[in-house]
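What follows is the content of final.tsv, which has TSV, C-alpha atoms:
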chain	number	residue	atom	x	y	z
A	754	MET	CA	-8.34	7.32	11.88
A	755	SER	CA	-9.96	3.91	12.01
A	756	VAL	CA	-8.51	0.65	13.16
A	757	VAL	CA	-9.42	-2.53	11.35
A	758	GLU	CA	-8.44	-5.79	12.96
A	759	LEU	CA	-8.46	-8.28	10.11
A	760	ARG	CA	-10.27	-11.54	10.72
A	761	SER	CA	-11.58	-10.22	14.00
A	762	ARG	CA	-13.20	-6.85	14.65
A	763	THR	CA	-13.35	-3.30	13.40
A	764	VAL	CA	-12.93	-0.34	15.72
A	765	THR	CA	-13.39	3.27	14.72
A	766	LEU	CA	-11.57	5.88	16.74
A	767	LYS	CA	-12.81	9.37	17.31
A	768	THR	CA	-10.48	11.22	19.67
A	769	PRO	CA	-6.78	12.13	19.34
A	770	ASP	CA	-6.01	10.07	22.47
A	771	GLU	CA	-7.59	7.04	20.85
A	772	GLU	CA	-5.58	7.70	17.70
A	773	ILE	CA	-2.32	7.79	19.66
A	774	ALA	CA	-3.23	4.59	21.50
A	775	ALA	CA	-4.13	2.89	18.22
A	776	PHE	CA	-0.89	3.99	16.57
A	777	LYS	CA	1.18	2.67	19.44
A	778	LEU	CA	-0.77	-0.58	19.48
A	779	ALA	CA	-0.28	-1.01	15.73
A	780	MET	CA	3.44	-0.26	16.05
A	781	ARG	CA	3.76	-3.21	18.42
A	782	HIS	CA	3.08	-5.50	15.45
A	783	LEU	CA	6.06	-4.19	13.52
A	784	ALA	CA	9.33	-5.98	14.09
A	785	GLY	CA	12.33	-3.71	14.14
A	786	ALA	CA	16.03	-3.72	14.82
A	787	VAL	CA	17.10	-2.07	18.06
A	788	ALA	CA	19.66	0.72	17.72
A	789	VAL	CA	21.41	2.97	20.21
A	790	ILE	CA	22.19	6.42	18.83
A	791	THR	CA	25.21	8.08	20.46
A	792	THR	CA	26.23	11.74	20.25
A	793	GLY	CA	28.17	14.50	22.03
A	794	SER	CA	31.65	14.60	23.51
A	795	GLY	CA	33.29	14.47	26.94
A	796	GLU	CA	30.89	14.90	29.83
A	797	GLY	CA	28.27	16.11	27.35
A	798	ARG	CA	27.87	12.68	25.79
A	799	THR	CA	24.34	11.32	25.64
A	800	GLY	CA	22.23	9.10	23.46
A	801	PHE	CA	18.98	7.22	23.08
A	802	THR	CA	17.49	3.90	21.99
A	803	ALA	CA	15.68	3.96	18.66
A	804	THR	CA	13.83	1.59	16.36
A	805	SER	CA	13.19	4.31	13.76
A	806	VAL	CA	16.45	4.03	11.81
A	807	SER	CA	16.04	3.59	8.07
A	808	SER	CA	18.05	3.67	4.89
A	809	PHE	CA	17.76	6.78	2.73
A	810	ALA	CA	20.13	7.14	-0.22
A	811	ALA	CA	23.13	5.13	-1.41
A	812	ASP	CA	24.82	8.04	-3.20
A	813	PRO	CA	25.82	9.80	-1.07
A	814	PRO	CA	25.38	7.06	1.54
A	815	SER	CA	22.85	8.42	4.01
A	816	LEU	CA	20.31	7.21	6.51
A	817	LEU	CA	17.44	8.58	8.57
A	818	VAL	CA	16.77	8.60	12.31
A	819	CYS	CA	13.62	10.09	13.84
A	820	LEU	CA	13.99	11.84	17.17
A	821	ASN	CA	11.49	13.47	19.51
A	822	ARG	CA	12.49	17.13	19.97
A	823	ASP	CA	11.65	16.84	23.69
A	824	SER	CA	14.58	14.42	24.00
A	825	SER	CA	17.64	15.66	25.88
A	826	SER	CA	19.69	14.34	22.92
A	827	TRP	CA	18.13	16.83	20.47
A	828	PRO	CA	20.15	19.96	21.42
A	829	ILE	CA	23.34	17.90	21.77
A	830	ILE	CA	22.97	16.30	18.35
A	831	GLN	CA	22.52	19.75	16.76
A	832	ASP	CA	25.62	21.14	18.53
A	833	HIS	CA	27.72	18.07	17.84
A	834	ALA	CA	26.50	17.85	14.21
A	835	GLY	CA	27.10	14.12	14.17
A	836	PHE	CA	25.95	10.85	15.65
A	837	CYS	CA	26.67	7.14	15.54
A	838	VAL	CA	24.04	4.46	14.86
A	839	ASN	CA	24.87	1.28	16.79
A	840	LEU	CA	22.76	-1.68	15.63
A	841	LEU	CA	22.66	-3.98	18.61
A	842	ALA	CA	23.62	-7.64	18.66
A	843	HIS	CA	21.68	-10.36	20.49
A	844	ASP	CA	23.87	-10.02	23.61
A	845	GLN	CA	23.47	-6.24	24.03
A	846	SER	CA	19.91	-5.74	25.34
A	847	HIS	CA	21.38	-4.26	28.55
A	848	VAL	CA	22.78	-1.38	26.46
A	849	ALA	CA	19.34	-0.83	24.90
A	850	ASP	CA	17.81	-0.69	28.38
A	851	ARG	CA	20.31	1.89	29.64
A	852	PHE	CA	19.87	4.17	26.63
A	853	ALA	CA	16.09	3.83	26.91
A	854	GLY	CA	16.42	5.31	30.41
A	855	ARG	CA	15.47	2.14	32.29
A	856	GLY	CA	17.15	2.31	35.68
A	857	GLY	CA	17.26	6.12	35.48
A	858	ALA	CA	20.72	6.63	33.95
A	859	LYS	CA	21.04	9.93	32.05
A	860	GLY	CA	23.62	11.45	29.72
A	861	VAL	CA	27.15	10.13	29.95
A	862	ALA	CA	26.15	7.61	32.67
A	863	ARG	CA	24.31	5.62	30.00
A	864	TYR	CA	27.69	4.56	28.52
A	865	GLU	CA	28.71	2.63	31.65
A	866	GLY	CA	28.83	-1.15	31.44
A	867	ALA	CA	29.92	-1.38	27.79
A	868	HIS	CA	33.07	-0.73	25.72
A	869	TRP	CA	33.22	2.14	23.25
A	870	GLN	CA	35.52	3.47	20.53
A	871	GLU	CA	35.61	7.06	19.31
A	872	GLN	CA	34.45	7.49	15.72
A	873	ARG	CA	35.28	10.15	13.14
A	874	SER	CA	32.27	12.26	14.15
A	875	GLY	CA	33.53	12.23	17.76
A	876	SER	CA	30.59	10.05	18.81
A	877	LEU	CA	31.29	6.71	20.47
A	878	GLY	CA	30.79	3.43	18.63
A	879	LEU	CA	29.78	0.37	20.65
A	880	SER	CA	32.37	-2.40	20.57
A	881	ASN	CA	30.97	-5.65	19.16
A	882	ALA	CA	27.75	-4.09	17.94
A	883	LEU	CA	26.24	-5.87	14.94
A	884	ALA	CA	27.08	-2.72	12.98
A	885	THR	CA	28.19	0.77	13.92
A	886	ILE	CA	27.46	3.43	11.33
A	887	ASP	CA	29.08	6.79	12.07
A	888	CYS	CA	27.42	9.85	10.52
A	889	GLU	CA	27.76	13.59	10.08
A	890	LEU	CA	24.44	15.35	10.61
A	891	GLU	CA	23.63	16.59	7.13
A	892	GLU	CA	20.22	18.04	7.89
A	893	ALA	CA	17.49	17.94	10.52
A	894	ILE	CA	13.98	18.29	9.13
A	895	GLU	CA	11.65	19.38	11.93
A	896	ARG	CA	8.04	18.29	11.71
A	897	HIS	CA	5.54	18.51	14.59
A	898	SER	CA	7.05	16.97	17.75
A	899	HIS	CA	9.91	15.24	15.92
A	900	ALA	CA	13.03	15.81	13.84
A	901	ILE	CA	14.06	13.63	10.92
A	902	LEU	CA	17.84	13.44	11.04
A	903	ILE	CA	19.63	12.84	7.74
A	904	GLY	CA	23.02	11.29	8.52
A	905	ARG	CA	25.80	11.21	5.94
A	906	VAL	CA	27.76	8.00	6.56
A	907	ASN	CA	31.45	8.40	7.53
A	908	SER	CA	32.37	4.84	8.30
A	909	VAL	CA	30.86	1.47	9.08
A	910	THR	CA	32.09	-1.31	11.34
A	911	LEU	CA	30.53	-4.73	10.95
A	912	ARG	CA	30.58	-7.77	13.23
A	913	SER	CA	30.00	-11.01	11.39
A	914	GLU	CA	29.52	-13.47	14.23
A	915	ALA	CA	26.39	-12.08	15.83
A	916	GLU	CA	22.64	-12.09	15.58
A	917	PRO	CA	20.50	-8.95	15.53
A	918	LEU	CA	18.50	-7.84	18.55
A	919	LEU	CA	14.89	-7.18	17.56
A	920	TYR	CA	11.92	-5.59	19.30
A	921	TRP	CA	8.43	-6.97	18.71
A	922	HIS	CA	5.19	-7.04	20.77
A	923	GLY	CA	6.88	-5.14	23.58
A	924	ALA	CA	9.83	-7.50	24.07
A	925	TYR	CA	13.28	-8.25	22.69
A	926	ARG	CA	13.35	-11.04	20.10
A	927	LEU	CA	15.78	-13.06	18.05
A	928	ILE	CA	15.51	-14.44	14.55
A	929	SER	CA	14.79	-18.18	14.56
A	930	ASN	CA	15.94	-19.20	11.09
A	931	LEU	CA	19.37	-17.62	10.65
A	932	ASP	CA	20.57	-20.89	9.14
A	933	ARG	CA	17.49	-21.26	6.92
A	934	VAL	CA	16.24	-18.48	4.67
A	935	LEU	CA	12.65	-18.34	3.47
A	936	THR	CA	13.42	-16.57	0.23
A	937	GLN	CA	16.57	-15.19	-1.31
A	938	ALA	CA	16.61	-11.61	-2.53
B	107	MET	CA	38.46	-4.34	17.81
B	108	SER	CA	38.01	-8.14	17.62
B	109	GLU	CA	38.86	-10.24	14.56
B	110	ALA	CA	35.19	-10.66	13.74
B	111	GLN	CA	34.90	-6.88	13.32
B	112	GLN	CA	35.75	-5.01	10.18
B	113	GLN	CA	35.86	-1.22	9.77
B	114	VAL	CA	35.40	0.50	6.42
B	115	THR	CA	35.79	4.24	5.86
B	116	GLU	CA	35.40	4.40	2.06
B	117	ILE	CA	31.66	3.99	1.73
B	118	ASP	CA	30.64	2.95	-1.79
B	119	PRO	CA	27.00	1.95	-2.44
B	120	ARG	CA	27.81	-1.76	-2.04
B	121	THR	CA	29.36	-1.16	1.38
B	122	PHE	CA	26.44	1.04	2.34
B	123	TRP	CA	23.79	-1.55	1.47
B	124	ARG	CA	25.82	-4.26	3.20
B	125	ALA	CA	25.98	-2.16	6.36
B	126	ILE	CA	22.33	-1.14	6.31
B	127	GLY	CA	21.39	-4.79	5.62
B	128	ASN	CA	22.42	-5.43	9.22
B	129	ARG	CA	19.39	-3.45	10.27
B	130	ALA	CA	16.74	-6.16	10.52
B	131	VAL	CA	13.42	-4.78	9.38
B	132	GLY	CA	9.83	-5.92	8.97
B	133	VAL	CA	9.31	-6.38	5.23
B	134	SER	CA	6.77	-4.00	3.76
B	135	VAL	CA	5.21	-3.45	0.37
B	136	VAL	CA	4.27	0.19	-0.20
B	137	SER	CA	1.24	0.42	-2.49
B	138	ALA	CA	-0.82	3.08	-4.23
B	139	THR	CA	-3.41	3.24	-6.98
B	140	GLY	CA	-2.49	5.21	-10.07
B	141	GLU	CA	-4.02	5.83	-13.49
B	142	ASP	CA	-2.86	2.41	-14.67
B	143	GLY	CA	-4.16	0.55	-11.64
B	144	PRO	CA	-2.36	-0.71	-8.54
B	145	ALA	CA	1.36	0.01	-8.15
B	146	GLY	CA	3.83	-0.87	-5.45
B	147	PHE	CA	7.38	-1.54	-4.40
B	148	LEU	CA	9.33	-3.26	-1.65
B	149	GLY	CA	9.63	-0.63	1.09
B	150	LEU	CA	12.43	-1.60	3.44
B	151	SER	CA	12.86	2.04	4.51
B	152	ALA	CA	9.41	2.57	6.03
B	153	SER	CA	9.60	4.02	9.51
B	154	HIS	CA	7.42	5.65	12.16
B	155	LEU	CA	7.86	9.38	12.77
B	156	SER	CA	5.41	10.57	15.40
B	157	ALA	CA	2.32	9.35	17.23
B	158	SER	CA	0.53	12.70	17.38
B	159	PRO	CA	-0.23	13.40	14.61
B	160	PRO	CA	0.29	9.77	13.51
B	161	LEU	CA	3.01	10.06	10.85
B	162	VAL	CA	5.21	7.59	9.02
B	163	THR	CA	7.99	8.04	6.48
B	164	VAL	CA	9.14	6.02	3.50
B	165	SER	CA	12.01	6.75	1.12
B	166	ILE	CA	11.23	6.37	-2.59
B	167	ASP	CA	13.90	6.52	-5.28
B	168	ALA	CA	12.96	9.16	-7.85
B	169	ASN	CA	13.17	6.47	-10.57
B	170	THR	CA	10.65	4.15	-8.88
B	171	SER	CA	7.71	3.73	-11.27
B	172	ALA	CA	5.16	3.57	-8.43
B	173	LEU	CA	6.11	7.12	-7.37
B	174	ALA	CA	3.69	8.51	-9.99
B	175	ALA	CA	0.80	6.64	-8.33
B	176	VAL	CA	1.77	8.02	-4.90
B	177	ARG	CA	1.96	11.57	-6.31
B	178	GLY	CA	-1.20	11.22	-8.39
B	179	SER	CA	-3.44	9.72	-5.70
B	180	GLY	CA	-1.89	11.63	-2.79
B	181	ALA	CA	-2.02	8.40	-0.82
B	182	PHE	CA	-0.14	5.18	-0.11
B	183	ALA	CA	-0.37	2.16	2.15
B	184	ILE	CA	2.49	0.47	3.99
B	185	ASN	CA	1.74	-3.26	4.15
B	186	TYR	CA	3.91	-5.04	6.71
B	187	LEU	CA	3.97	-8.61	5.40
B	188	SER	CA	3.33	-11.68	7.52
B	189	SER	CA	5.54	-14.78	7.45
B	190	THR	CA	2.95	-16.41	5.14
B	191	ALA	CA	3.35	-13.71	2.47
B	192	THR	CA	6.37	-15.17	0.68
B	193	GLU	CA	4.51	-15.07	-2.67
B	194	VAL	CA	3.85	-11.34	-2.25
B	195	TYR	CA	7.48	-10.82	-1.26
B	196	GLU	CA	8.78	-12.68	-4.30
B	197	ARG	CA	6.48	-10.75	-6.62
B	198	PHE	CA	7.91	-7.45	-5.36
B	199	SER	CA	11.53	-8.50	-4.97
B	200	SER	CA	12.22	-10.66	-8.03
B	201	ARG	CA	13.61	-9.08	-11.19
B	202	ASP	CA	11.69	-11.65	-13.23
B	203	ALA	CA	8.32	-10.68	-11.73
B	204	PRO	CA	5.76	-8.86	-13.89
B	205	LYS	CA	5.84	-5.06	-13.75
B	206	GLY	CA	3.17	-2.50	-12.85
B	207	ALA	CA	-0.40	-3.57	-12.18
B	208	ALA	CA	0.37	-7.15	-13.32
B	209	ARG	CA	2.39	-7.59	-10.13
B	210	PHE	CA	-0.87	-7.64	-8.17
B	211	GLU	CA	-2.61	-10.30	-10.29
B	212	GLY	CA	-3.50	-13.44	-8.35
B	213	LEU	CA	-2.45	-11.96	-5.00
B	214	GLN	CA	-4.90	-11.49	-2.13
B	215	TRP	CA	-5.56	-7.75	-1.67
B	216	GLN	CA	-8.33	-5.17	-1.73
B	217	PRO	CA	-8.48	-1.39	-1.98
B	218	GLY	CA	-8.44	0.22	1.45
B	219	THR	CA	-9.93	3.49	2.74
B	220	THR	CA	-7.74	5.63	0.49
B	221	GLY	CA	-7.97	3.26	-2.49
B	222	SER	CA	-4.41	2.01	-1.98
B	223	PRO	CA	-4.12	-1.80	-2.07
B	224	VAL	CA	-4.11	-3.56	1.32
B	225	PHE	CA	-2.87	-7.14	1.26
B	226	GLU	CA	-4.45	-10.04	3.15
B	227	ASP	CA	-1.22	-11.65	4.44
B	228	ILE	CA	0.01	-8.84	6.69
B	229	VAL	CA	0.78	-8.25	10.34
B	230	GLY	CA	-0.50	-4.72	9.83
B	231	ALA	CA	-0.99	-1.93	7.34
B	232	PHE	CA	-0.87	1.84	7.62
B	233	GLU	CA	-3.05	3.66	5.10
B	234	CYS	CA	-1.76	7.19	4.62
B	235	ARG	CA	-2.53	10.46	2.95
B	236	VAL	CA	0.60	12.13	1.61
B	237	SER	CA	1.47	14.96	3.97
B	238	GLU	CA	4.68	16.02	2.25
B	239	LEU	CA	7.20	14.87	-0.37
B	240	ILE	CA	10.76	16.08	0.29
B	241	GLU	CA	13.50	15.45	-2.29
B	242	ARG	CA	17.16	15.00	-1.35
B	243	HIS	CA	19.89	13.26	-3.39
B	244	GLY	CA	17.41	11.89	-5.96
B	245	VAL	CA	15.32	10.23	-3.25
B	246	ILE	CA	11.84	11.31	-2.23
B	247	LEU	CA	11.13	11.23	1.49
B	248	ALA	CA	7.38	10.71	1.69
B	249	ILE	CA	5.72	11.72	4.95
B	250	GLY	CA	2.30	10.14	5.34
B	251	GLU	CA	-0.43	10.87	7.83
B	252	ILE	CA	-2.11	7.64	8.89
B	253	VAL	CA	-5.86	7.59	8.22
B	254	ALA	CA	-6.49	3.89	8.85
B	255	VAL	CA	-4.67	1.04	10.54
B	256	SER	CA	-5.17	-2.64	9.92
B	257	ALA	CA	-3.72	-5.18	12.32
B	258	ASN	CA	-3.72	-8.95	12.39
B	259	PRO	CA	-2.63	-9.83	15.94
B	260	GLU	CA	-2.32	-13.55	15.14
B	261	ALA	CA	0.25	-13.09	12.37
B	262	ASP	CA	4.03	-13.30	12.62
B	263	PRO	CA	6.15	-10.72	10.81
B	264	LEU	CA	8.35	-11.43	7.81
B	265	VAL	CA	11.77	-9.99	8.67
B	266	TYR	CA	14.53	-8.94	6.25
B	267	PHE	CA	18.13	-9.32	7.43
B	268	ARG	CA	21.38	-9.51	5.43
B	269	GLY	CA	19.74	-10.02	2.08
B	270	SER	CA	17.11	-12.62	2.89
B	271	THR	CA	13.86	-13.07	4.75
B	272	ARG	CA	13.57	-14.55	8.24
B	273	VAL	CA	11.05	-15.30	10.96
B	274	LEU	CA	11.17	-14.54	14.68
B	275	ASP	CA	12.14	-17.00	17.38
B	276	HIS	CA	9.17	-17.73	19.63
B	277	VAL	CA	11.08	-19.20	22.55
Take the structure in this file and express it as structure tokens.
Amino acid sequence: MSVVELRSRTVTLKTPDEEIAAFKLAMRHLAGAVAVITTGSGEGRTGFTATSVSSFAADPPSLLVCLNRDSSSWPIIQDHAGFCVNLLAHDQSHVADRFAGRGGAKGVARYEGAHWQEQRSGSLGLSNALATIDCELEEAIERHSHAILIGRVNSVTLRSEAEPLLYWHGAYRLISNLDRVLTQA
Amino acid sequence: MSEAQQQVTEIDPRTFWRAIGNRAVGVSVVSATGEDGPAGFLGLSASHLSASPPLVTVSIDANTSALAAVRGSGAFAINYLSSTATEVYERFSSRDAPKGAARFEGLQWQPGTTGSPVFEDIVGAFECRVSELIERHGVILAIGEIVAVSANPEADPLVYFRGSTRVLDHV
């Protein structure tokens, strides 16, 4: 894999370690919504912070989440056969931090400090998230270190009066022009 | 649940796209070179999969005309557009825009390592070889192994949120 920095310099990479470093560096340039994925029930609840949520099909409504199979959430999500995608609002970065493991909280302890509502899948939806999208696990496609989770959407809850929390260049960001669009789709 | 929240349990396609439109995403154009020249589509579903091996995914509707170019060449590029790329965005999002190779005319791009078009106004591009094409529900999940990365550290990303494009706050 080679890395080309446009308008500056070209670097060619030769080792797998360099490839990984280059991939992670390149990913920093991609702006993405921050989501917390919740799963499990009772004391077995757990979850993780993800930026790899994407749309898949509209009929049936389904989305994708990529998950490292080393994650403690992986066996729980298979057992539970469902999960909830919580797209975070601008005022919820503390939830992202907890579910990313900052501060050391694990499992059900990650849910402390926020309000939750049980969804149809049994997973918890975050109150006042920008959107909560509850899913049944339709299929998990395992490739290399990761699993691609296909979630069949059960229900969605939307919050209108909020801005999205984004992650870019290693930090949380907000959109600057919510009242001014560049182009209309 | 507060008044500003609304729960829906009958998920028709319109509700689905409205919900998923709350997921802010860096706008990308997925490109490939086919028998009829360059082809591409707006790829709001591009995502990273793993760092080792470096893999990305993009969902392609089975009816997308550019799918033939991805299949035929065994390659594609994900171009994450910069905030200056509004002309590229409009070309790939407008129903009135020209189709097929004509979409690329007059835009700043060049063929990358795999031959797939790489645009000039980007924050970054992943050039990929097709690792696998998996079909579910009339949608092709393309898994690509990254063979080259372009990055423009000075550029700001073009972000899509609730049906329109946005820029990041730099405060």
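The gap separating atom CA of B:Val265 from atom CA of B:Val194 is 13.6 Å, in Å to one decimal.
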Dump as a VMD selection string the residues of chain B that approach chain A to within 6 Å, counting only C-alpha atoms. chain B and resid 110 to 115 119 129 to 132 151 153 155 157 165 253 to 258 269 to 275
Pick from B:Val162, B:Asp167, B:Ala138, B:Arg120, whichever lies nearest to B:His243 using all atoms listed in the file: B:Asp167
The residues within 9 Å of (36.0, 1.4, 22.5), using all atoms listed in the file and the coordinates of the file, should be reported as a list of chain:residue names; which are they?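 Output of the proximity query reads A:Ala867, A:His868, A:Trp869, A:Gln870, A:Glu871, A:Leu877, A:Gly878, A:Leu879, A:Ser880, B:Met107.
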Would you please work out which residue, of A:Ser846, A:Thr802, A:Arg822, A:Tyr920, is nearest to A:Ile790 when using only C-alpha atoms?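 Closest to A:Ile790 of all the choices is A:Thr802.
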What is the atom CA of A:Gly904 to atom CA of B:Leu161 distance in Å? 20.2 Å
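Checking B:Val164, B:Val245, B:Ala203, B:Leu213 one by one against B:Glu226, counting all atoms listed in the file, you find the shortest gap at B:Leu213.
For the set B:Glu193, B:Gly149, B:Ser179, B:Phe267, the residue with the smallest atom-to-atom gap to B:Arg124 is B:Phe267, counting only C-alpha atoms.
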Pairwise distance for atom CA of A:Ser794 and atom CA of A:Ser826, rounded to one decimal in Å: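 Rounded to one decimal, the two atoms are 12.0 Å apart.
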Excluding B:Phe225 and its own-chain neighbours fewer than 4 positions away, which residues fall within 9 Å of it when counting only C-alpha atoms? Please give them as a VMD selection string. chain B and resid 135 185 to 187 194 213 to 217 231
As a PDB file, in the coordinates of the input, the rebuilt stretch 886-895 of chain A with all heavy atoms:
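The resulting result_37.pdb:
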ATOM      1  N   ILE A 886      27.476   2.589  12.522  1.00  0.00           N
ATOM      2  CA  ILE A 886      27.460   3.430  11.330  1.00  0.00           C
ATOM      3  C   ILE A 886      27.606   4.875  11.804  1.00  0.00           C
ATOM      4  O   ILE A 886      26.678   5.450  12.380  1.00  0.00           O
ATOM      5  CB  ILE A 886      26.143   3.237  10.533  1.00  0.00           C
ATOM      6  CG1 ILE A 886      25.916   1.741  10.250  1.00  0.00           C
ATOM      7  CG2 ILE A 886      26.196   4.037   9.239  1.00  0.00           C
ATOM      8  CD1 ILE A 886      24.592   1.423   9.570  1.00  0.00           C
ATOM      9  N   ASP A 887      28.786   5.444  11.597  1.00  0.00           N
ATOM     10  CA  ASP A 887      29.080   6.790  12.070  1.00  0.00           C
ATOM     11  C   ASP A 887      28.652   7.813  11.014  1.00  0.00           C
ATOM     12  O   ASP A 887      28.907   7.611   9.823  1.00  0.00           O
ATOM     13  CB  ASP A 887      30.578   6.916  12.367  1.00  0.00           C
ATOM     14  CG  ASP A 887      30.914   8.246  13.017  1.00  0.00           C
ATOM     15  OD1 ASP A 887      30.264   8.590  14.019  1.00  0.00           O
ATOM     16  OD2 ASP A 887      31.813   8.954  12.513  1.00  0.00           O
ATOM     17  N   CYS A 888      28.015   8.889  11.466  1.00  0.00           N
ATOM     18  CA  CYS A 888      27.420   9.850  10.520  1.00  0.00           C
ATOM     19  C   CYS A 888      27.710  11.294  10.911  1.00  0.00           C
ATOM     20  O   CYS A 888      27.747  11.632  12.096  1.00  0.00           O
ATOM     21  CB  CYS A 888      25.895   9.702  10.496  1.00  0.00           C
ATOM     22  SG  CYS A 888      25.293   8.084  10.035  1.00  0.00           S
ATOM     23  N   GLU A 889      27.872  12.145   9.891  1.00  0.00           N
ATOM     24  CA  GLU A 889      27.760  13.590  10.080  1.00  0.00           C
ATOM     25  C   GLU A 889      26.286  13.935   9.949  1.00  0.00           C
ATOM     26  O   GLU A 889      25.582  13.351   9.114  1.00  0.00           O
ATOM     27  CB  GLU A 889      28.528  14.348   8.989  1.00  0.00           C
ATOM     28  CG  GLU A 889      29.993  14.007   8.872  1.00  0.00           C
ATOM     29  CD  GLU A 889      30.797  14.354  10.109  1.00  0.00           C
ATOM     30  OE1 GLU A 889      30.417  15.318  10.827  1.00  0.00           O
ATOM     31  OE2 GLU A 889      31.784  13.657  10.379  1.00  0.00           O
ATOM     32  N   LEU A 890      25.824  14.894  10.756  1.00  0.00           N
ATOM     33  CA  LEU A 890      24.440  15.350  10.610  1.00  0.00           C
ATOM     34  C   LEU A 890      24.377  16.267   9.392  1.00  0.00           C
ATOM     35  O   LEU A 890      24.940  17.363   9.386  1.00  0.00           O
ATOM     36  CB  LEU A 890      23.989  16.111  11.864  1.00  0.00           C
ATOM     37  CG  LEU A 890      22.578  16.694  11.806  1.00  0.00           C
ATOM     38  CD1 LEU A 890      21.526  15.604  11.671  1.00  0.00           C
ATOM     39  CD2 LEU A 890      22.298  17.548  13.037  1.00  0.00           C
ATOM     40  N   GLU A 891      23.716  15.790   8.346  1.00  0.00           N
ATOM     41  CA  GLU A 891      23.630  16.590   7.130  1.00  0.00           C
ATOM     42  C   GLU A 891      22.499  17.608   7.223  1.00  0.00           C
ATOM     43  O   GLU A 891      22.621  18.756   6.795  1.00  0.00           O
ATOM     44  CB  GLU A 891      23.396  15.665   5.931  1.00  0.00           C
ATOM     45  CG  GLU A 891      23.313  16.390   4.617  1.00  0.00           C
ATOM     46  CD  GLU A 891      23.191  15.410   3.466  1.00  0.00           C
ATOM     47  OE1 GLU A 891      24.138  14.648   3.239  1.00  0.00           O
ATOM     48  OE2 GLU A 891      22.137  15.411   2.808  1.00  0.00           O
ATOM     49  N   GLU A 892      21.391  17.168   7.809  1.00  0.00           N
ATOM     50  CA  GLU A 892      20.220  18.040   7.890  1.00  0.00           C
ATOM     51  C   GLU A 892      19.263  17.477   8.938  1.00  0.00           C
ATOM     52  O   GLU A 892      19.196  16.262   9.116  1.00  0.00           O
ATOM     53  CB  GLU A 892      19.516  18.079   6.520  1.00  0.00           C
ATOM     54  CG  GLU A 892      18.367  19.066   6.445  1.00  0.00           C
ATOM     55  CD  GLU A 892      17.733  19.107   5.046  1.00  0.00           C
ATOM     56  OE1 GLU A 892      18.259  18.452   4.125  1.00  0.00           O
ATOM     57  OE2 GLU A 892      16.719  19.809   4.908  1.00  0.00           O
ATOM     58  N   ALA A 893      18.560  18.366   9.619  1.00  0.00           N
ATOM     59  CA  ALA A 893      17.490  17.940  10.520  1.00  0.00           C
ATOM     60  C   ALA A 893      16.206  18.599  10.040  1.00  0.00           C
ATOM     61  O   ALA A 893      16.109  19.818  10.008  1.00  0.00           O
ATOM     62  CB  ALA A 893      17.795  18.338  11.960  1.00  0.00           C
ATOM     63  N   ILE A 894      15.256  17.772   9.629  1.00  0.00           N
ATOM     64  CA  ILE A 894      13.980  18.290   9.130  1.00  0.00           C
ATOM     65  C   ILE A 894      12.976  18.197  10.281  1.00  0.00           C
ATOM     66  O   ILE A 894      12.645  17.102  10.736  1.00  0.00           O
ATOM     67  CB  ILE A 894      13.501  17.455   7.918  1.00  0.00           C
ATOM     68  CG1 ILE A 894      14.546  17.513   6.794  1.00  0.00           C
ATOM     69  CG2 ILE A 894      12.146  17.943   7.440  1.00  0.00           C
ATOM     70  CD1 ILE A 894      14.278  16.545   5.642  1.00  0.00           C
ATOM     71  N   GLU A 895      12.538  19.355  10.760  1.00  0.00           N
ATOM     72  CA  GLU A 895      11.650  19.380  11.930  1.00  0.00           C
ATOM     73  C   GLU A 895      10.197  19.363  11.483  1.00  0.00           C
ATOM     74  O   GLU A 895       9.781  20.186  10.675  1.00  0.00           O
ATOM     75  CB  GLU A 895      11.933  20.629  12.768  1.00  0.00           C
ATOM     76  CG  GLU A 895      13.352  20.639  13.329  1.00  0.00           C
ATOM     77  CD  GLU A 895      13.640  21.917  14.113  1.00  0.00           C
ATOM     78  OE1 GLU A 895      12.785  22.321  14.916  1.00  0.00           O
ATOM     79  OE2 GLU A 895      14.723  22.498  13.901  1.00  0.00           O
TER      80      GLU A 895
END
